[in-house]
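*Asks:* Please find target.csv (CSV, C-alpha atoms and all ligand atoms) on the next line:
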```csv
chain,number,residue,atom,x,y,z
A,930,MET,CA,-109.0,123.7,-46.6
A,931,ALA,CA,-107.1,126.9,-47.5
A,932,LEU,CA,-104.3,125.9,-45.2
A,933,MET,CA,-104.3,122.4,-46.6
A,934,SER,CA,-104.0,123.5,-50.2
A,935,TYR,CA,-101.1,125.7,-49.2
A,936,ARG,CA,-99.2,123.2,-47.1
A,937,LEU,CA,-99.4,120.2,-49.4
A,938,PRO,CA,-97.7,121.9,-52.3
A,939,THR,CA,-95.0,123.3,-50.1
A,940,PHE,CA,-94.4,119.8,-48.6
A,941,LEU,CA,-94.2,118.3,-52.1
A,942,VAL,CA,-91.8,121.0,-53.3
A,943,LEU,CA,-89.6,120.4,-50.2
A,944,CYS,CA,-89.6,116.6,-50.8
A,945,LEU,CA,-88.7,117.2,-54.4
A,946,LEU,CA,-85.8,119.4,-53.4
A,947,PHE,CA,-84.6,116.9,-50.8
A,948,SER,CA,-84.7,114.0,-53.2
A,949,TYR,CA,-83.0,116.0,-55.9
A,950,VAL,CA,-80.0,116.7,-53.6
A,951,HIS,CA,-79.9,113.4,-51.7
A,952,GLY,CA,-81.7,110.9,-53.9
A,953,GLN,CA,-84.5,108.6,-52.8
A,954,PRO,CA,-84.2,105.0,-51.9
A,955,GLY,CA,-84.7,103.2,-55.2
A,956,GLN,CA,-83.3,106.1,-57.3
A,957,LEU,CA,-79.8,106.9,-58.5
A,958,ALA,CA,-78.2,110.2,-57.2
A,959,LEU,CA,-75.2,112.3,-58.1
A,960,THR,CA,-74.2,112.6,-54.4
A,961,PHE,CA,-74.7,108.9,-53.4
A,962,TYR,CA,-71.1,108.4,-52.2
A,963,GLN,CA,-70.4,112.1,-51.3
A,964,ASN,CA,-69.9,111.3,-47.6
A,965,SER,CA,-69.2,107.6,-47.7
A,966,CYS,CA,-66.5,107.6,-50.4
A,967,PRO,CA,-65.5,111.1,-51.3
A,968,ASN,CA,-62.4,110.0,-53.2
A,969,LEU,CA,-64.2,107.6,-55.5
A,970,GLN,CA,-64.3,109.6,-58.6
A,971,THR,CA,-60.6,110.7,-58.3
A,972,ILE,CA,-59.5,107.0,-57.9
A,973,VAL,CA,-61.6,105.8,-60.9
A,974,ARG,CA,-60.3,108.6,-63.1
A,975,SER,CA,-56.7,108.0,-62.1
A,976,VAL,CA,-56.7,104.2,-62.7
A,977,VAL,CA,-58.6,104.6,-66.0
A,978,SER,CA,-56.1,107.3,-67.1
A,979,GLN,CA,-53.2,105.0,-66.4
A,980,ALA,CA,-54.8,102.1,-68.3
A,981,ILE,CA,-55.4,104.3,-71.3
A,982,ALA,CA,-51.9,105.7,-71.2
A,983,ASN,CA,-50.6,102.1,-71.4
A,984,GLU,CA,-53.1,101.2,-74.2
A,985,THR,CA,-55.4,103.7,-75.9
A,986,ARG,CA,-57.8,101.0,-76.9
A,987,MET,CA,-58.7,100.4,-73.3
A,988,ALA,CA,-61.0,103.5,-73.4
A,989,ALA,CA,-63.1,101.7,-76.1
A,990,SER,CA,-63.1,98.4,-74.2
A,991,LEU,CA,-64.3,100.0,-70.9
A,992,LEU,CA,-67.1,101.9,-72.8
A,993,ARG,CA,-68.3,98.7,-74.4
A,994,LEU,CA,-68.1,96.8,-71.1
A,995,PHE,CA,-70.6,99.3,-69.7
A,996,PHE,CA,-73.0,98.7,-72.6
A,997,HIS,CA,-72.8,94.9,-72.3
A,998,ASP,CA,-73.4,95.2,-68.6
A,999,CYS,CA,-76.5,97.4,-68.8
A,1000,PHE,CA,-78.2,95.6,-71.7
A,1001,VAL,CA,-78.2,92.3,-69.7
A,1002,GLN,CA,-80.3,92.4,-66.5
A,1003,GLY,CA,-79.6,96.1,-66.2
A,1004,CYS,CA,-76.5,97.9,-64.9
A,1005,ASP,CA,-75.7,95.5,-62.2
A,1006,ALA,CA,-72.1,94.3,-62.9
A,1007,SER,CA,-73.5,90.9,-63.8
A,1008,ILE,CA,-71.0,90.7,-66.7
A,1009,LEU,CA,-68.1,90.8,-64.3
A,1010,LEU,CA,-68.9,87.5,-62.6
A,1011,ASP,CA,-66.5,84.7,-63.4
A,1012,ASP,CA,-67.7,81.2,-64.3
A,1013,THR,CA,-67.1,78.6,-61.6
A,1014,PRO,CA,-67.9,74.8,-61.5
A,1015,THR,CA,-71.3,75.8,-59.9
A,1016,PHE,CA,-72.0,79.1,-61.5
A,1017,THR,CA,-72.4,80.1,-65.1
A,1018,GLY,CA,-72.0,83.8,-65.9
A,1019,GLU,CA,-72.1,86.0,-69.0
A,1020,LYS,CA,-68.5,86.0,-70.1
A,1021,THR,CA,-68.8,83.0,-72.4
A,1022,ALA,CA,-71.9,84.4,-74.2
A,1023,ALA,CA,-71.3,84.9,-78.0
A,1024,PRO,CA,-71.1,88.7,-77.8
A,1025,ASN,CA,-68.7,88.7,-74.9
A,1026,ALA,CA,-66.4,85.7,-75.3
A,1027,ASN,CA,-62.9,86.6,-76.7
A,1028,SER,CA,-64.3,90.1,-77.2
A,1029,VAL,CA,-65.2,92.1,-74.1
A,1030,ARG,CA,-62.0,93.5,-72.4
A,1031,GLY,CA,-61.1,95.6,-69.4
A,1032,TYR,CA,-62.0,93.2,-66.5
A,1033,GLU,CA,-58.5,93.7,-65.1
A,1034,VAL,CA,-58.9,97.5,-65.1
A,1035,ILE,CA,-62.1,97.2,-63.1
A,1036,ASP,CA,-60.3,94.9,-60.6
A,1037,ALA,CA,-57.5,97.4,-60.2
A,1038,ILE,CA,-60.0,100.2,-59.6
A,1039,LYS,CA,-62.0,98.1,-57.1
A,1040,THR,CA,-58.8,97.2,-55.2
A,1041,GLN,CA,-58.0,100.9,-54.7
A,1042,VAL,CA,-61.6,101.9,-53.9
A,1043,GLU,CA,-61.9,99.1,-51.3
A,1044,ALA,CA,-58.6,100.4,-49.7
A,1045,SER,CA,-60.1,103.8,-49.4
A,1046,CYS,CA,-63.7,103.0,-48.5
A,1047,ARG,CA,-64.3,99.3,-47.7
A,1048,ALA,CA,-67.6,97.6,-48.6
A,1049,THR,CA,-69.2,100.8,-49.8
A,1050,VAL,CA,-69.0,101.2,-53.6
A,1051,SER,CA,-70.6,98.8,-56.1
A,1052,CYS,CA,-68.8,97.3,-59.1
A,1053,ALA,CA,-71.8,98.5,-61.2
A,1054,ASP,CA,-71.1,102.1,-60.3
A,1055,ILE,CA,-67.4,101.6,-61.0
A,1056,VAL,CA,-68.2,100.4,-64.5
A,1057,ALA,CA,-70.4,103.4,-65.1
A,1058,LEU,CA,-67.8,105.9,-64.0
A,1059,ALA,CA,-65.0,104.1,-65.9
A,1060,ALA,CA,-67.0,104.3,-69.1
A,1061,ARG,CA,-67.6,108.1,-68.6
A,1062,ASP,CA,-64.0,108.8,-67.9
A,1063,SER,CA,-62.9,106.7,-70.8
A,1064,VAL,CA,-64.9,108.7,-73.2
A,1065,ASN,CA,-63.7,112.0,-71.8
A,1066,LEU,CA,-60.0,111.0,-71.6
A,1067,VAL,CA,-59.9,110.3,-75.3
A,1068,GLY,CA,-61.5,113.6,-76.4
A,1069,GLY,CA,-65.2,113.0,-75.7
A,1070,PRO,CA,-67.6,115.0,-73.6
A,1071,MET,CA,-67.8,115.1,-69.8
A,1072,TRP,CA,-71.0,114.5,-67.9
A,1073,ASN,CA,-72.1,113.7,-64.3
A,1074,VAL,CA,-73.0,110.1,-63.5
A,1075,THR,CA,-75.8,109.3,-61.1
A,1076,LEU,CA,-74.8,106.6,-58.6
A,1077,GLY,CA,-76.2,104.1,-56.2
A,1078,ARG,CA,-76.4,100.9,-58.3
A,1079,ARG,CA,-75.9,97.7,-56.5
A,1080,ASP,CA,-74.3,94.5,-57.7
A,1081,ALA,CA,-76.3,91.4,-58.9
A,1082,LYS,CA,-76.0,88.0,-57.2
A,1083,THR,CA,-77.0,86.5,-60.5
A,1084,ALA,CA,-76.0,86.7,-64.2
A,1085,SER,CA,-77.8,85.5,-67.3
A,1086,LEU,CA,-75.9,83.7,-70.1
A,1087,SER,CA,-79.1,83.4,-72.1
A,1088,SER,CA,-80.0,87.1,-71.9
A,1089,ALA,CA,-76.4,88.0,-72.9
A,1090,ASN,CA,-76.9,85.8,-75.9
A,1091,SER,CA,-80.4,87.2,-76.8
A,1092,ASP,CA,-80.4,90.9,-75.7
A,1093,LEU,CA,-77.2,92.3,-77.3
A,1094,PRO,CA,-77.4,93.3,-81.0
A,1095,GLY,CA,-75.1,91.6,-83.5
A,1096,PRO,CA,-73.2,93.3,-86.4
A,1097,SER,CA,-75.5,91.9,-89.1
A,1098,SER,CA,-78.6,93.4,-87.5
A,1099,SER,CA,-81.1,95.4,-89.6
A,1100,LEU,CA,-82.2,98.9,-88.7
A,1101,SER,CA,-85.6,97.5,-87.5
A,1102,THR,CA,-83.9,94.9,-85.3
A,1103,LEU,CA,-81.6,97.6,-83.8
A,1104,ILE,CA,-84.5,99.9,-83.0
A,1105,SER,CA,-86.6,97.1,-81.4
A,1106,MET,CA,-83.7,95.7,-79.3
A,1107,PHE,CA,-83.0,99.2,-77.9
A,1108,ALA,CA,-86.8,99.8,-77.4
A,1109,ALA,CA,-86.8,96.6,-75.4
A,1110,LYS,CA,-84.5,98.4,-72.9
A,1111,GLY,CA,-86.5,101.6,-72.9
A,1112,LEU,CA,-84.2,103.4,-75.3
A,1113,SER,CA,-85.4,105.3,-78.4
A,1114,ALA,CA,-84.2,105.0,-82.0
A,1115,GLN,CA,-82.4,108.3,-81.4
A,1116,ASP,CA,-80.7,106.9,-78.3
A,1117,MET,CA,-79.6,103.9,-80.5
A,1118,THR,CA,-78.2,106.1,-83.2
A,1119,VAL,CA,-76.4,108.4,-80.7
A,1120,LEU,CA,-75.0,105.5,-78.7
A,1121,SER,CA,-73.7,103.8,-81.8
A,1122,GLY,CA,-71.4,106.8,-82.1
A,1123,ALA,CA,-69.3,104.9,-79.5
A,1124,HIS,CA,-68.0,103.1,-82.6
A,1125,THR,CA,-65.8,106.2,-83.2
A,1126,ILE,CA,-63.3,104.4,-81.0
A,1127,GLY,CA,-62.0,100.8,-80.7
A,1128,GLN,CA,-61.5,97.8,-82.9
A,1129,SER,CA,-63.3,94.8,-84.3
A,1130,ARG,CA,-62.3,91.3,-85.4
A,1131,CYS,CA,-62.4,90.3,-89.1
A,1132,LEU,CA,-65.1,87.6,-88.7
A,1133,LEU,CA,-67.6,90.2,-87.6
A,1134,PHE,CA,-67.3,92.4,-90.7
A,1135,ARG,CA,-66.2,89.9,-93.3
A,1136,ASN,CA,-69.6,89.5,-94.8
A,1137,ARG,CA,-70.0,93.3,-95.1
A,1138,ILE,CA,-66.7,94.0,-96.9
A,1139,TYR,CA,-67.2,91.1,-99.4
A,1140,ASN,CA,-71.0,91.0,-99.9
A,1141,ASP,CA,-72.7,94.2,-99.0
A,1142,GLN,CA,-74.0,96.6,-101.6
A,1143,ASN,CA,-74.0,100.0,-99.9
A,1144,ILE,CA,-70.2,100.1,-99.1
A,1145,ASN,CA,-67.5,102.4,-100.4
A,1146,THR,CA,-65.5,100.3,-102.8
A,1147,SER,CA,-62.1,101.8,-101.8
A,1148,PHE,CA,-63.0,101.2,-98.1
A,1149,ALA,CA,-64.0,97.6,-98.8
A,1150,ALA,CA,-60.7,97.0,-100.6
A,1151,LEU,CA,-58.7,98.5,-97.7
A,1152,ARG,CA,-60.4,96.3,-95.1
A,1153,GLN,CA,-60.0,93.2,-97.4
A,1154,GLN,CA,-56.2,93.6,-97.2
A,1155,THR,CA,-56.2,92.4,-93.6
A,1156,CYS,CA,-59.4,90.4,-93.6
A,1157,PRO,CA,-59.3,87.6,-96.2
A,1158,GLN,CA,-62.4,85.7,-97.4
A,1159,SER,CA,-61.4,82.9,-95.1
A,1160,GLY,CA,-59.1,82.6,-92.1
A,1161,SER,CA,-57.5,85.3,-90.0
A,1162,ASP,CA,-60.8,85.6,-88.1
A,1163,SER,CA,-59.3,87.5,-85.2
A,1164,ASN,CA,-57.4,90.1,-87.3
A,1165,PRO,CA,-58.3,93.4,-85.8
A,1166,ALA,CA,-59.4,96.6,-87.7
A,1167,PRO,CA,-60.3,100.0,-86.4
A,1168,ILE,CA,-64.1,100.5,-86.4
A,1169,ASP,CA,-63.7,104.2,-87.3
A,1170,VAL,CA,-61.4,104.3,-90.4
A,1171,GLN,CA,-60.5,108.0,-89.8
A,1172,SER,CA,-59.6,108.5,-86.1
A,1173,PRO,CA,-60.0,105.2,-84.0
A,1174,ASN,CA,-58.2,106.6,-81.0
A,1175,SER,CA,-60.2,109.8,-80.5
A,1176,PHE,CA,-63.8,110.2,-79.5
A,1177,ASP,CA,-65.2,112.5,-82.1
A,1178,ASN,CA,-68.0,112.6,-84.7
A,1179,ALA,CA,-65.9,110.9,-87.5
A,1180,TYR,CA,-68.1,107.8,-87.1
A,1181,TYR,CA,-71.0,109.7,-88.7
A,1182,VAL,CA,-68.8,111.0,-91.5
A,1183,ASP,CA,-67.8,107.3,-92.1
A,1184,LEU,CA,-71.5,106.4,-92.4
A,1185,VAL,CA,-72.3,109.3,-94.8
A,1186,THR,CA,-69.3,108.1,-97.0
A,1187,LYS,CA,-70.5,104.5,-96.8
A,1188,GLN,CA,-67.5,103.5,-94.7
A,1189,GLY,CA,-69.4,102.0,-91.8
A,1190,LEU,CA,-67.5,98.8,-90.7
A,1191,PHE,CA,-70.5,96.7,-89.6
A,1192,HIS,CA,-73.6,96.1,-91.6
A,1193,SER,CA,-75.4,97.3,-88.5
A,1194,ASP,CA,-73.5,100.6,-88.6
A,1195,GLN,CA,-74.3,101.3,-92.2
A,1196,GLU,CA,-78.0,100.5,-91.5
A,1197,LEU,CA,-78.2,103.9,-89.7
A,1198,PHE,CA,-77.5,105.6,-93.0
A,1199,ASN,CA,-79.1,103.6,-95.8
A,1200,GLY,CA,-82.2,105.6,-96.8
A,1201,GLY,CA,-84.1,105.0,-93.5
A,1202,SER,CA,-85.4,106.8,-90.5
A,1203,GLN,CA,-82.0,107.6,-89.0
A,1204,ASP,CA,-80.4,109.3,-92.1
A,1205,ASN,CA,-81.2,112.8,-91.0
A,1206,LEU,CA,-79.8,112.4,-87.5
A,1207,VAL,CA,-76.6,110.8,-88.9
A,1208,THR,CA,-76.2,113.7,-91.3
A,1209,LYS,CA,-76.6,116.2,-88.5
A,1210,TYR,CA,-74.0,114.5,-86.2
A,1211,SER,CA,-71.6,114.2,-89.2
A,1212,THR,CA,-71.5,118.0,-89.3
A,1213,ASP,CA,-72.2,119.0,-85.7
A,1214,ALA,CA,-69.9,117.4,-83.2
A,1215,ALA,CA,-71.3,119.5,-80.3
A,1216,ALA,CA,-74.8,118.2,-80.9
A,1217,PHE,CA,-73.4,114.6,-80.9
A,1218,PHE,CA,-71.5,115.2,-77.7
A,1219,SER,CA,-74.4,116.7,-75.8
A,1220,ASP,CA,-76.9,114.0,-77.0
A,1221,PHE,CA,-74.4,111.2,-76.3
A,1222,ALA,CA,-74.1,112.3,-72.7
A,1223,ILE,CA,-77.9,112.3,-72.4
A,1224,SER,CA,-78.3,108.8,-73.9
A,1225,MET,CA,-75.4,107.4,-71.8
A,1226,ALA,CA,-77.4,108.5,-68.7
A,1227,LYS,CA,-80.4,106.6,-70.0
A,1228,LEU,CA,-78.3,103.6,-70.7
A,1229,GLY,CA,-76.9,103.8,-67.2
A,1230,ALA,CA,-80.4,103.9,-65.7
A,1231,ILE,CA,-81.6,100.6,-67.1
A,1232,THR,CA,-83.2,98.7,-64.2
A,1233,PRO,CA,-80.5,99.2,-61.6
A,1234,LEU,CA,-80.6,97.3,-58.3
A,1235,THR,CA,-81.0,100.0,-55.6
A,1236,GLY,CA,-81.8,100.3,-51.9
A,1237,LYS,CA,-81.5,96.9,-50.3
A,1238,LYS,CA,-81.6,94.9,-53.5
A,1239,GLY,CA,-78.4,93.1,-54.6
A,1240,GLU,CA,-75.2,93.7,-52.7
A,1241,ILE,CA,-71.9,95.5,-52.6
A,1242,ARG,CA,-69.5,92.9,-53.9
A,1243,SER,CA,-66.0,92.8,-52.3
A,1244,ASN,CA,-64.5,91.2,-55.4
A,1245,CYS,CA,-66.2,92.2,-58.6
A,1246,ARG,CA,-65.6,88.7,-60.1
A,1247,MET,CA,-67.7,86.8,-57.5
A,1248,VAL,CA,-70.8,87.2,-55.3
A,1249,ASN,CA,-70.0,87.7,-51.6
B,1301,LIG,C1,-76.2,99.3,-82.0
B,1301,LIG,C2,-75.8,98.1,-81.9
B,1301,LIG,C3,-74.4,97.6,-81.7
B,1301,LIG,C4,-73.8,96.5,-82.4
B,1301,LIG,C5,-74.5,95.6,-83.4
B,1301,LIG,C6,-72.4,96.5,-81.9
B,1301,LIG,C7,-71.5,95.5,-82.3
B,1301,LIG,C8,-70.2,95.5,-82.0
B,1301,LIG,C9,-69.2,94.6,-82.5
B,1301,LIG,C10,-69.6,93.4,-83.4
B,1301,LIG,C11,-68.0,94.9,-82.0
B,1301,LIG,C12,-66.7,94.2,-82.3
B,1301,LIG,C13,-66.5,93.1,-81.2
B,1301,LIG,C14,-65.3,92.2,-81.5
B,1301,LIG,O1,-64.4,92.5,-82.3
B,1301,LIG,O2,-65.2,91.2,-80.8
B,1301,LIG,C15,-68.2,96.1,-81.3
B,1301,LIG,C16,-67.2,96.8,-80.7
B,1301,LIG,C17,-67.4,98.0,-79.9
B,1301,LIG,N1,-68.6,98.5,-79.5
B,1301,LIG,FE1,-70.4,98.0,-80.3
B,1301,LIG,N2,-72.2,97.5,-81.0
B,1301,LIG,C18,-73.4,98.2,-80.9
B,1301,LIG,C19,-73.6,99.2,-80.0
B,1301,LIG,C20,-72.6,99.7,-79.1
B,1301,LIG,C21,-72.9,100.7,-78.1
B,1301,LIG,C22,-74.3,101.2,-77.7
B,1301,LIG,C23,-71.7,100.9,-77.5
B,1301,LIG,C24,-71.4,101.8,-76.3
B,1301,LIG,C25,-72.2,102.8,-75.9
B,1301,LIG,C26,-70.7,100.2,-78.2
B,1301,LIG,C27,-69.4,100.3,-78.0
B,1301,LIG,C28,-68.4,99.5,-78.7
B,1301,LIG,C29,-67.0,99.8,-78.6
B,1301,LIG,C30,-66.3,101.0,-77.9
B,1301,LIG,C31,-66.3,98.8,-79.3
B,1301,LIG,C32,-64.8,98.6,-79.5
B,1301,LIG,C33,-64.3,97.8,-78.3
B,1301,LIG,C34,-62.9,97.5,-78.2
B,1301,LIG,O3,-62.1,98.0,-79.1
B,1301,LIG,O4,-62.5,96.8,-77.3
B,1301,LIG,N3,-71.3,99.5,-79.2
B,1301,LIG,N4,-69.5,96.5,-81.3
B,1302,LIG,C1,-50.5,97.4,-71.0
B,1302,LIG,O1,-51.1,97.0,-72.2
B,1302,LIG,C2,-50.7,95.7,-72.7
B,1302,LIG,C3,-51.4,95.5,-74.0
B,1302,LIG,O2,-51.0,96.6,-74.9
B,1302,LIG,C4,-51.2,94.7,-71.7
B,1302,LIG,O3,-50.7,93.4,-72.1
B,1302,LIG,C5,-50.6,95.0,-70.3
B,1302,LIG,O4,-51.1,94.1,-69.4
B,1302,LIG,C6,-50.9,96.4,-69.9
B,1302,LIG,N1,-50.2,96.7,-68.6
B,1302,LIG,C7,-50.8,97.3,-67.6
B,1302,LIG,C8,-50.0,97.6,-66.4
B,1302,LIG,O5,-52.0,97.7,-67.7
B,1303,LIG,C1,-71.6,118.3,-62.7
B,1303,LIG,O1,-72.3,118.7,-61.5
B,1303,LIG,C2,-71.6,119.8,-60.9
B,1303,LIG,C3,-72.3,120.1,-59.5
B,1303,LIG,O2,-73.6,119.8,-59.6
B,1303,LIG,C4,-71.6,121.0,-61.8
B,1303,LIG,O3,-70.9,122.1,-61.2
B,1303,LIG,C5,-70.9,120.6,-63.1
B,1303,LIG,O4,-70.9,121.7,-64.0
B,1303,LIG,C6,-71.5,119.4,-63.7
B,1303,LIG,N1,-70.6,119.0,-64.8
B,1303,LIG,C7,-71.1,118.7,-66.0
B,1303,LIG,C8,-70.1,118.3,-67.0
B,1303,LIG,O5,-72.3,118.7,-66.3
B,1304,LIG,C1,-65.4,106.7,-100.3
B,1304,LIG,O1,-64.4,107.0,-99.3
B,1304,LIG,C2,-63.6,108.1,-99.6
B,1304,LIG,C3,-62.5,108.2,-98.5
B,1304,LIG,O2,-61.8,107.0,-98.4
B,1304,LIG,C4,-64.3,109.3,-99.8
B,1304,LIG,O3,-63.5,110.4,-100.2
B,1304,LIG,C5,-65.4,109.1,-100.9
B,1304,LIG,O4,-66.2,110.3,-101.0
B,1304,LIG,C6,-66.3,107.9,-100.5
B,1304,LIG,N1,-67.2,107.6,-101.6
B,1304,LIG,C7,-68.5,107.8,-101.4
B,1304,LIG,C8,-69.4,107.4,-102.6
B,1304,LIG,O5,-69.0,108.2,-100.4
```
Since I need it in another form, could you write the structure as structure tokens?
Ligand code: HEM
Ligand SMILES: *[C@@H]1O[C@H](CO)[C@@H](O)[C@H](O)[C@H]1NC(C)=O
Ligand SMILES: *[C@@H]1O[C@H](CO)[C@@H](O)[C@H](O)[C@H]1NC(C)=O
Ligand SMILES: *[C@@H]1O[C@H](CO)[C@@H](O)[C@H](O)[C@H]1NC(C)=O

*Replies:*
Amino acid sequence: MALMSYRLPTFLVLCLLFSYVHGQPGQLALTFYQNSCPNLQTIVRSVVSQAIANETRMAASLLRLFFHDCFVQGCDASILLDDTPTFTGEKTAAPNANSVRGYEVIDAIKTQVEASCRATVSCADIVALAARDSVNLVGGPMWNVTLGRRDAKTASLSSANSDLPGPSSSLSTLISMFAAKGLSAQDMTVLSGAHTIGQSRCLLFRNRIYNDQNINTSFAALRQQTCPQSGSDSNPAPIDVQSPNSFDNAYYVDLVTKQGLFHSDQELFNGGSQDNLVTKYSTDAAAFFSDFAISMAKLGAITPLTGKKGEIRSNCRMVN
């Protein structure tokens, strides 16, 4: 009995150590491709870096691609599947159509990764790494990404339409839609800081700049210049009025000065439960960066396919 009570804890500690280093089937791990594709992270970073050098906005687009992948069936690259006459994917869903960008960059990464380590790395992991590098390459934090996600053989148009929040969402809707994915209100407020980069089309913020009450009047007037009451639906505007090309904490300063572009953004600073956190991030970029990295890891861990589930697609746009 004495022996037993000594050996069992030792065994458990060794198991824990082993799984921490190597990962367990069913879990994501930092070292997943360490032996099978040692150049993976170098390839991803280099292609993402070139894409951003060509067009800065691509950093924002790749970050959003990851969010829209993970919120629909989990982080399984379901968003990448093209429609065919016999298959309906997620690309035509309302939040994605004429909106989500970056598919060609993922293709370019996949081509190079396949050339280096064939049939080994999932498209879902490539999307997760591309999002991390995008943030870091435009001034945001760096963090380690756990890997081992596998690619879905299915997609869900209906989940893409129902599970992604829209720009007119209330605070309570935002909190409950993130809770449905296992993310807290704080995760929601931190991840919304992604809106410190990128652009939006006029039709998605028109109602806010003409009809909302809690909006900075000079900011509303500025946005109205290129987003008329009717027409010009696709005219772009930066989401962060101050520094749309750099990943910083300016988004939270925007909210404190009532310059959130979407109704949903300003809901985070409108006298409700997230006001204190928004105020903190508006003055403490280091806290935002460190919390953002933590919440991105949680976003990236939403119901991944692991072990023998799913597949490693050879072309990210179609099932094998
Ligand atoms: C909290 C709820 C959220 C809502 C309601 C929301 C809504 C939107 C909308 C309406 C757009 C503009 C789309 C267009 O013009 O077609 C947008 C853009 C964007 N969103 Fe969100 N979003 C949310 C959360 C997030 C999260 C969690 C991330 C990433 C972690 C994210 C990253 C982005 C980025 C980077 C862009 C700009 C993309 C580009 O320029 O290509 N958003 N979002
Ligand atoms: C560079 O960016 C432009 C958009 O600004 C895009 O049309 C073009 O395809 C990109 N080229 C490459 C090589 O990524
Ligand atoms: C990532 O992990 C490596 C090795 O475990 C560590 O040396 C490095 O500091 C970590 N990087 C970050 C940004 O956390
Ligand atoms: C409105 O925005 C301007 C910056 O354009 C800022 O200086 C001002 O403080 C804001 N007003 C309010 C009430 O926050």

*Asks:* With only C-alpha atoms as the basis for distance, which of A:Val1248, A:Ile1168, A:Leu1010, A:Leu957 is at the shortest distance from Val1074 of chain A?

*Replies:*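 Checking each of A:Val1248, A:Ile1168, A:Leu1010, A:Leu957 against Val1074 of chain A, counting only C-alpha atoms, the winner is A:Leu957.
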
*Asks:* Using all atoms listed in the file, pick whichever of A:Trp1072, A:Phe1221, A:Tyr962, A:Tyr1032 has the shortest atom-to-atom distance to ligand LIG 1303 (chain B).

*Replies:*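 Of all the options, A:Trp1072 lies closest to ligand LIG 1303 (chain B).
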
*Asks:* Work out how far apart atom CA of Cys1156 of chain A and atom C26 of ligand LIG 1301 (chain B) are and give it in Å to one decimal.

*Replies:*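 Separation of atom CA of Cys1156 of chain A and atom C26 of ligand LIG 1301 (chain B): 21.5 Å.
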
*Asks:* Just give me the gap between atom CA of Ser1219 of chain A and atom CA of Pro1070 of chain A in Å, one decimal is fine.

*Replies:* 7.3 Å

*Asks:* Given all atoms listed in the file, how would the per-residue table for chain A near ligand LIG 1302 (chain B) read, listing every residue at most 7 Å away with its closest atom pair and distance in Å to one decimal, sorted by chain and number, as a Markdown table?

*Replies:*
```
| residue | atom | partner | partner_atom | distance |
| --- | --- | --- | --- | --- |
| A:Ala980 | CA | B:LIG1302 | O5 | 5.2 |
| A:Asn983 | CA | B:LIG1302 | C1 | 4.7 |
| A:Glu984 | CA | B:LIG1302 | O1 | 5.1 |
```

*Asks:* List all protein, DNA and RNA residues that have any atom at most 7 Å from ligand LIG 1301 (chain B), counting only C-alpha atoms and all ligand atoms, and write the list as a PyMOL selection string.

*Replies:* chain A and resi 986-987+989-990+992-993+996+1027-1030+1094-1098+1103+1117+1120-1121+1123-1124+1126-1130+1133+1193+1225

*Asks:* Quick one: residues within 10 Å of Phe1016 of chain A, only C-alpha atoms, excluding same-chain residues fewer than 6 positions away - as an MDAnalysis selection string?

*Replies:* chainID A and resid 1010 1083:1084 1247

*Asks:* Calculated over only C-alpha atoms and all ligand atoms, which of the candidates A:Gly1068, A:Gly1201, A:Gly1189, A:Gly1031 has the smallest distance to ligand LIG 1304 (chain B)?

*Replies:*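 Once distances to ligand LIG 1304 (chain B) are computed over only C-alpha atoms and all ligand atoms, the minimum belongs to A:Gly1189.
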
*Asks:* Given only C-alpha atoms as the basis, pick out the residue of A:Val1067, A:Ile981, A:Val1119, A:Leu969 nearest to Ala1216 of chain A.

*Replies:* A:Val1119

*Asks:* Name the residues, by chain letter and number, that sit within 12 Å of ligand LIG 1303 (chain B) using all atoms listed in the file, and give them as a list in words.

*Replies:*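 Using all atoms listed in the file, everything at most 12 Å from ligand LIG 1303 (chain B) comes to Tyr949, Val950, His951, Ala958, Leu959, Thr960, Gln963, Arg1061, Asp1062, Asn1065, Gly1069, Pro1070, Met1071, Trp1072, Asn1073, Val1074, Thr1075, Phe1218, Ser1219, Ala1222, Ile1223 and Ala1226 of chain A.
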
*Asks:* Take atom CA of Lys1227 of chain A and atom CA of Ser1063 of chain A and report the distance between them in Å, one decimal.

*Replies:*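 A separation of 17.5 Å between them.
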
*Asks:* Can you write out as a tab-separated table which residues of chain A fall within 8 Å of ligand LIG 1304 (chain B), alongside each residue's closest atom pair and its distance in Å to one decimal, counting all atoms listed in the file and ordering rows by chain and ascending residue number?

*Replies:*
```
residue	atom	partner	partner_atom	distance
A:Asn1145	CA	B:LIG1304	C1	4.8
A:Thr1146	CA	B:LIG1304	C1	6.9
A:Ser1147	CA	B:LIG1304	C1	6.1
A:Phe1148	CA	B:LIG1304	O2	5.9
A:Asp1183	CA	B:LIG1304	O1	8.0
A:Val1185	CA	B:LIG1304	O5	6.6
A:Thr1186	CA	B:LIG1304	O5	3.4
A:Lys1187	CA	B:LIG1304	O5	5.4
A:Gln1188	CA	B:LIG1304	O1	6.6
```

*Asks:* May I have the selected residues written with C-alpha atoms, as a PDB file, in the coordinates of the input?

*Replies:*
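For reference, part-v2.pdb as written:
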```pdb
ATOM      1  CA  ASN A1145     -67.500 102.400-100.400  1.00  0.00           C
ATOM      2  CA  THR A1146     -65.500 100.300-102.800  1.00  0.00           C
ATOM      3  CA  SER A1147     -62.100 101.800-101.800  1.00  0.00           C
ATOM      4  CA  PHE A1148     -63.000 101.200 -98.100  1.00  0.00           C
ATOM      5  CA  ASP A1183     -67.800 107.300 -92.100  1.00  0.00           C
ATOM      6  CA  VAL A1185     -72.300 109.300 -94.800  1.00  0.00           C
ATOM      7  CA  THR A1186     -69.300 108.100 -97.000  1.00  0.00           C
ATOM      8  CA  LYS A1187     -70.500 104.500 -96.800  1.00  0.00           C
ATOM      9  CA  GLN A1188     -67.500 103.500 -94.700  1.00  0.00           C
TER      10      GLN A1188
END
```
